[in-house]
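Undergrad: Starting off with a structure, shown below.
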Amino acid sequence: MSLSLSSNAFSIQPTKYEAFRRRFSSQFISPIQVSSSTHACSVSHVNSPSFFKFSRERLNPIAASATSAAETAPSSFRDKTPKDINVLVVGSTGYIGKFVVRELVKRGFNVIAVARERSGIRGRNSKEETLNELKGANVCFSDVTNLETLEKSVEGLGCDIDVVLSCLASRSGGVKDSWKIDYEATRNSLLAGRKFGAVHFVLLSAICVQKPLLEFQRAKLKFEAELMKEAGEDDKFTYSIVRPTAFFKSLGGQVELVKDGKPYVMFGDGKLCACKPISESDLASFIADCVLSEDKINQVLPIGGPGKALTPLEQGEILFRLLGKEPKFLKVPIEIMDFAIGVLDFLVKIFPGLEDAAEFGKIGRYYAAESMLILDPETGEYCSDKTPSYGKDTLEEFFEKVLREGIAGQELGEQTIF
């Protein structure tokens, strides 16, 4: 998440938060319509007697712990070849989700991507556009915010699920939306997956949950706790929780402004926080590793990109150097954020409808001052050296690409607050 400011406004950018506010009836696209992949999960036999036998044998989620699938499986799904491993991906059209789908498809997994009939920011993508964006995967149009609908959708696939991979996240970070998506919808994906045989769950979380001051962080932590509890109660079930640092997208909001001659905006002296940003493709690769890697089983996995941690000041200096311009910074006192939050908190008591506006202010304050690095529990300090690095893409390379090709595909979306 980033905070981007101009002379007129600033916007808070949650990283690829995907809102699910509508309910859609489930509909399935056959492998012929979706993908030419030879190992696609067939949905053409949903009316066959064997399918109905399959559906009747299913038990209630969580309590049943998917014993039906576990008892009949001669070995772990990790012993199979990727083409025989069914991976259900929720949040597949989000900023990171679509890269994860591509990486899984590239590695040969049988990917079932759950998507809304109208996906993307404000539902601007049609079904056809979604199918094109998720080429190589079997696309299942459904609604993750409705457990009954999601379970019927998964049942209609006519095949067991081995792994559930969630890239779900609230698009706005608002109070209700955070609990609806980061907790409830993500939990629905666990319940539906377990009901149909899933024995491993890969969760895309966030490193900022280490210091939970915001609603979306609390919602994520509540689900993480339930996921760990599920693994503790069933030794045949495992999880991998991925907590990345900042994404490149969340740090690119000021590139074009600076290119046009405006100053680079930062809070305080520009050294209040730091991060080890990671590219979407490197993060997708790490997440895909979690499907089969046994050393990532039942682990919380903080992860950043290559190189040292960068402060906003250093990020701005990189940008000016690439542009060949003299650095020009606008330093904003962090106290301005504190004042705005205080006013909003007061107004919420009178006008409850301002609840989300107050939360957005807190989100902006958090990302302006808190580092996206490992928080040392002993010292209470953020530590760059203890934050693992992965991948090869650097923020400087990302800035170069945006300066050369523009920000298309990296837009901040719909989170402008003031």
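Chain labels follow the order of the structure tokens: the first chain is A, the next B, and so on; residue numbering restarts at 1 in every chain, and ligands are counted from 1 in their shown order.
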Determine which residues of range 149-278 of chain A receive a DSSP assignment of strand (DSSP E or B), computed from the backbone, and state them as a ChimeraX atom specification.
TA: /A:163-166,200-204,238-244,247,264-267,275,278
Undergrad: Grab the residues selected above and save them as a short mmCIF file (atom, residue, chain, number, x, y, z; two decimals), in the first residue's frame with C-alpha atoms.
TA:
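Output file part.cif follows:
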```cif
data_model
loop_
_atom_site.label_atom_id
_atom_site.label_comp_id
_atom_site.auth_asym_id
_atom_site.auth_seq_id
_atom_site.Cartn_x
_atom_site.Cartn_y
_atom_site.Cartn_z
CA VAL A 163 -4.56 -27.25 -2.81
CA VAL A 164 -6.36 -23.97 -2.18
CA LEU A 165 -4.36 -20.83 -2.87
CA SER A 166 -5.83 -17.54 -1.71
CA HIS A 200 -2.91 -27.79 1.76
CA PHE A 201 -3.72 -24.07 1.89
CA VAL A 202 -1.41 -21.32 0.65
CA LEU A 203 -2.36 -17.87 1.97
CA LEU A 204 -1.14 -14.54 0.66
CA THR A 238 -0.91 -28.21 6.06
CA TYR A 239 -0.58 -24.52 5.29
CA SER A 240 1.92 -21.92 4.08
CA ILE A 241 1.33 -18.27 5.03
CA VAL A 242 3.20 -15.78 2.82
CA ARG A 243 3.73 -12.28 4.24
CA PRO A 244 5.33 -10.06 1.57
CA PHE A 247 4.92 -4.43 -3.98
CA TYR A 264 8.70 13.76 -4.67
CA VAL A 265 6.45 13.81 -1.60
CA MET A 266 7.46 12.08 1.63
CA PHE A 267 6.61 12.32 5.32
CA CYS A 275 10.87 -1.74 2.83
CA ILE A 278 9.28 -7.29 -4.38
#
```
Undergrad: Would you list the contacts of Gly307 in chain A as a list in words, taking every protein, DNA or RNA residue within 10 Å and counting only C-alpha atoms, but skipping same-chain residues closer than 5 positions in sequence?
TA: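 Near neighbours after the sequence-gap exclusion: Lys276, Pro277, Ile278, Ser384, Ser389, Tyr390, Gly391, Lys392, Asp393, Thr394 and Leu395 of chain A.
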Undergrad: Take the residues that were just selected and, keeping all heavy atoms, output them as a short mmCIF file (atom, residue, chain, number, x, y, z; two decimals), in the first residue's frame.
TA:
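Everything below was put into selection_38.cif:
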```cif
data_model
loop_
_atom_site.label_atom_id
_atom_site.label_comp_id
_atom_site.auth_asym_id
_atom_site.auth_seq_id
_atom_site.Cartn_x
_atom_site.Cartn_y
_atom_site.Cartn_z
N LYS A 276 11.66 -3.68 1.62
CA LYS A 276 12.41 -4.41 0.61
C LYS A 276 11.41 -4.83 -0.46
O LYS A 276 10.89 -5.95 -0.44
CB LYS A 276 13.11 -5.63 1.22
CG LYS A 276 14.13 -5.27 2.29
CD LYS A 276 14.76 -6.51 2.93
CE LYS A 276 15.74 -7.17 2.00
NZ LYS A 276 16.52 -8.24 2.71
N PRO A 277 11.10 -3.92 -1.39
CA PRO A 277 10.02 -4.18 -2.35
C PRO A 277 10.28 -5.40 -3.23
O PRO A 277 11.41 -5.70 -3.59
CB PRO A 277 9.98 -2.89 -3.17
CG PRO A 277 11.35 -2.30 -3.04
CD PRO A 277 11.79 -2.65 -1.66
N ILE A 278 9.19 -6.09 -3.57
CA ILE A 278 9.28 -7.29 -4.38
C ILE A 278 8.36 -7.16 -5.59
O ILE A 278 7.27 -6.60 -5.49
CB ILE A 278 8.93 -8.55 -3.55
CG1 ILE A 278 9.19 -9.83 -4.34
CG2 ILE A 278 7.50 -8.49 -3.03
CD1 ILE A 278 9.14 -11.09 -3.49
N SER A 384 16.02 -4.95 8.77
CA SER A 384 16.22 -5.29 7.36
C SER A 384 16.97 -6.61 7.20
O SER A 384 16.63 -7.43 6.36
CB SER A 384 17.00 -4.17 6.66
OG SER A 384 17.34 -4.54 5.34
N SER A 389 15.12 -12.21 1.56
CA SER A 389 15.04 -11.69 0.20
C SER A 389 14.81 -12.83 -0.78
O SER A 389 15.22 -13.96 -0.55
CB SER A 389 16.35 -10.97 -0.17
OG SER A 389 16.54 -9.81 0.62
N TYR A 390 14.14 -12.50 -1.88
CA TYR A 390 13.85 -13.51 -2.90
C TYR A 390 13.74 -12.80 -4.25
O TYR A 390 13.28 -11.67 -4.34
CB TYR A 390 12.53 -14.21 -2.57
CG TYR A 390 12.13 -15.30 -3.55
CD1 TYR A 390 12.51 -16.62 -3.34
CD2 TYR A 390 11.37 -15.00 -4.68
CE1 TYR A 390 12.14 -17.62 -4.23
CE2 TYR A 390 10.98 -16.00 -5.57
CZ TYR A 390 11.37 -17.31 -5.34
OH TYR A 390 11.00 -18.29 -6.22
N GLY A 391 14.16 -13.48 -5.30
CA GLY A 391 13.98 -12.97 -6.65
C GLY A 391 15.15 -12.17 -7.17
O GLY A 391 16.21 -12.09 -6.55
N LYS A 392 14.93 -11.54 -8.32
CA LYS A 392 16.00 -10.82 -9.00
C LYS A 392 15.59 -9.41 -9.46
O LYS A 392 16.44 -8.59 -9.79
CB LYS A 392 16.47 -11.62 -10.22
CG LYS A 392 15.37 -11.99 -11.19
CD LYS A 392 15.89 -12.78 -12.36
CE LYS A 392 14.83 -13.28 -13.31
NZ LYS A 392 13.65 -12.48 -13.49
N ASP A 393 14.29 -9.13 -9.51
CA ASP A 393 13.83 -7.83 -10.00
C ASP A 393 14.05 -6.74 -8.95
O ASP A 393 13.75 -6.94 -7.77
CB ASP A 393 12.34 -7.89 -10.34
CG ASP A 393 12.03 -8.91 -11.42
OD1 ASP A 393 12.94 -9.21 -12.23
OD2 ASP A 393 10.90 -9.43 -11.44
N THR A 394 14.54 -5.59 -9.38
CA THR A 394 14.81 -4.49 -8.46
C THR A 394 13.85 -3.32 -8.70
O THR A 394 13.29 -3.18 -9.80
CB THR A 394 16.24 -3.97 -8.61
OG1 THR A 394 16.40 -3.36 -9.91
CG2 THR A 394 17.25 -5.11 -8.46
N LEU A 395 13.68 -2.49 -7.69
CA LEU A 395 12.82 -1.33 -7.82
C LEU A 395 13.35 -0.37 -8.87
O LEU A 395 12.57 0.24 -9.61
CB LEU A 395 12.70 -0.61 -6.47
CG LEU A 395 11.75 0.59 -6.44
CD1 LEU A 395 10.31 0.15 -6.70
CD2 LEU A 395 11.86 1.33 -5.11
#
```
Undergrad: With a distance cut-off of 7 Å and only C-alpha atoms, select the neighbouring residues of Asp356 in chain A, excluding the residue or stretch itself and same-chain residues fewer than 3 positions from it, and output the selection as number ranges by chain.
TA: A: 174-175, 359-360
Undergrad: Put those residues in a file: all heavy atoms, as a PDB file, in the first residue's frame.
TA:
```
ATOM      1  N   GLY A 174     -11.561  -0.745   3.870  1.00  0.00           N
ATOM      2  CA  GLY A 174     -12.620  -0.279   4.745  1.00  0.00           C
ATOM      3  C   GLY A 174     -12.963  -1.317   5.809  1.00  0.00           C
ATOM      4  O   GLY A 174     -12.657  -2.500   5.657  1.00  0.00           O
ATOM      5  N   VAL A 175     -13.624  -0.873   6.871  1.00  0.00           N
ATOM      6  CA  VAL A 175     -13.877  -1.755   8.011  1.00  0.00           C
ATOM      7  C   VAL A 175     -14.694  -2.981   7.619  1.00  0.00           C
ATOM      8  O   VAL A 175     -14.272  -4.120   7.823  1.00  0.00           O
ATOM      9  CB  VAL A 175     -14.589  -0.978   9.134  1.00  0.00           C
ATOM     10  CG1 VAL A 175     -14.964  -1.921  10.278  1.00  0.00           C
ATOM     11  CG2 VAL A 175     -13.694   0.158   9.646  1.00  0.00           C
ATOM     12  N   GLU A 359     -10.910   5.161   8.824  1.00  0.00           N
ATOM     13  CA  GLU A 359     -10.011   4.021   8.676  1.00  0.00           C
ATOM     14  C   GLU A 359      -8.981   4.273   7.578  1.00  0.00           C
ATOM     15  O   GLU A 359      -7.806   3.932   7.717  1.00  0.00           O
ATOM     16  CB  GLU A 359     -10.814   2.755   8.351  1.00  0.00           C
ATOM     17  CG  GLU A 359      -9.982   1.474   8.310  1.00  0.00           C
ATOM     18  CD  GLU A 359      -9.476   1.033   9.673  1.00  0.00           C
ATOM     19  OE1 GLU A 359      -9.900   1.608  10.699  1.00  0.00           O
ATOM     20  OE2 GLU A 359      -8.642   0.101   9.712  1.00  0.00           O
ATOM     21  N   PHE A 360      -9.393   4.910   6.489  1.00  0.00           N
ATOM     22  CA  PHE A 360      -8.454   5.223   5.409  1.00  0.00           C
ATOM     23  C   PHE A 360      -7.359   6.169   5.898  1.00  0.00           C
ATOM     24  O   PHE A 360      -6.196   6.057   5.499  1.00  0.00           O
ATOM     25  CB  PHE A 360      -9.193   5.856   4.226  1.00  0.00           C
ATOM     26  CG  PHE A 360     -10.225   4.960   3.601  1.00  0.00           C
ATOM     27  CD1 PHE A 360     -11.293   5.494   2.914  1.00  0.00           C
ATOM     28  CD2 PHE A 360     -10.126   3.581   3.703  1.00  0.00           C
ATOM     29  CE1 PHE A 360     -12.256   4.683   2.340  1.00  0.00           C
ATOM     30  CE2 PHE A 360     -11.085   2.750   3.136  1.00  0.00           C
ATOM     31  CZ  PHE A 360     -12.157   3.303   2.442  1.00  0.00           C
TER      32      PHE A 360
END
```
Undergrad: Can you list, as a VMD selection string, all residues belonging to range 115-316 of chain A that DSSP tags as helix (DSSP H, G or I)?
TA: chain A and resid 121 to 123 127 to 133 147 to 156 175 to 195 207 to 210 215 to 233 249 to 251 255 to 259 280 to 292 294 to 296 312 to 316
Undergrad: How far is it from CA of Val332 in chain A to CA of Ala246 in chain A, in Å with one decimal?
TA: 21.1 Å
Undergrad: Could you give me, as a PyMOL selection string, the residues within 8 Å of Val111 in chain A, counting only C-alpha atoms and dropping anything in the same chain fewer than 4 positions from it?
TA: chain A and resi 40+86-89+101+104-105+136-138
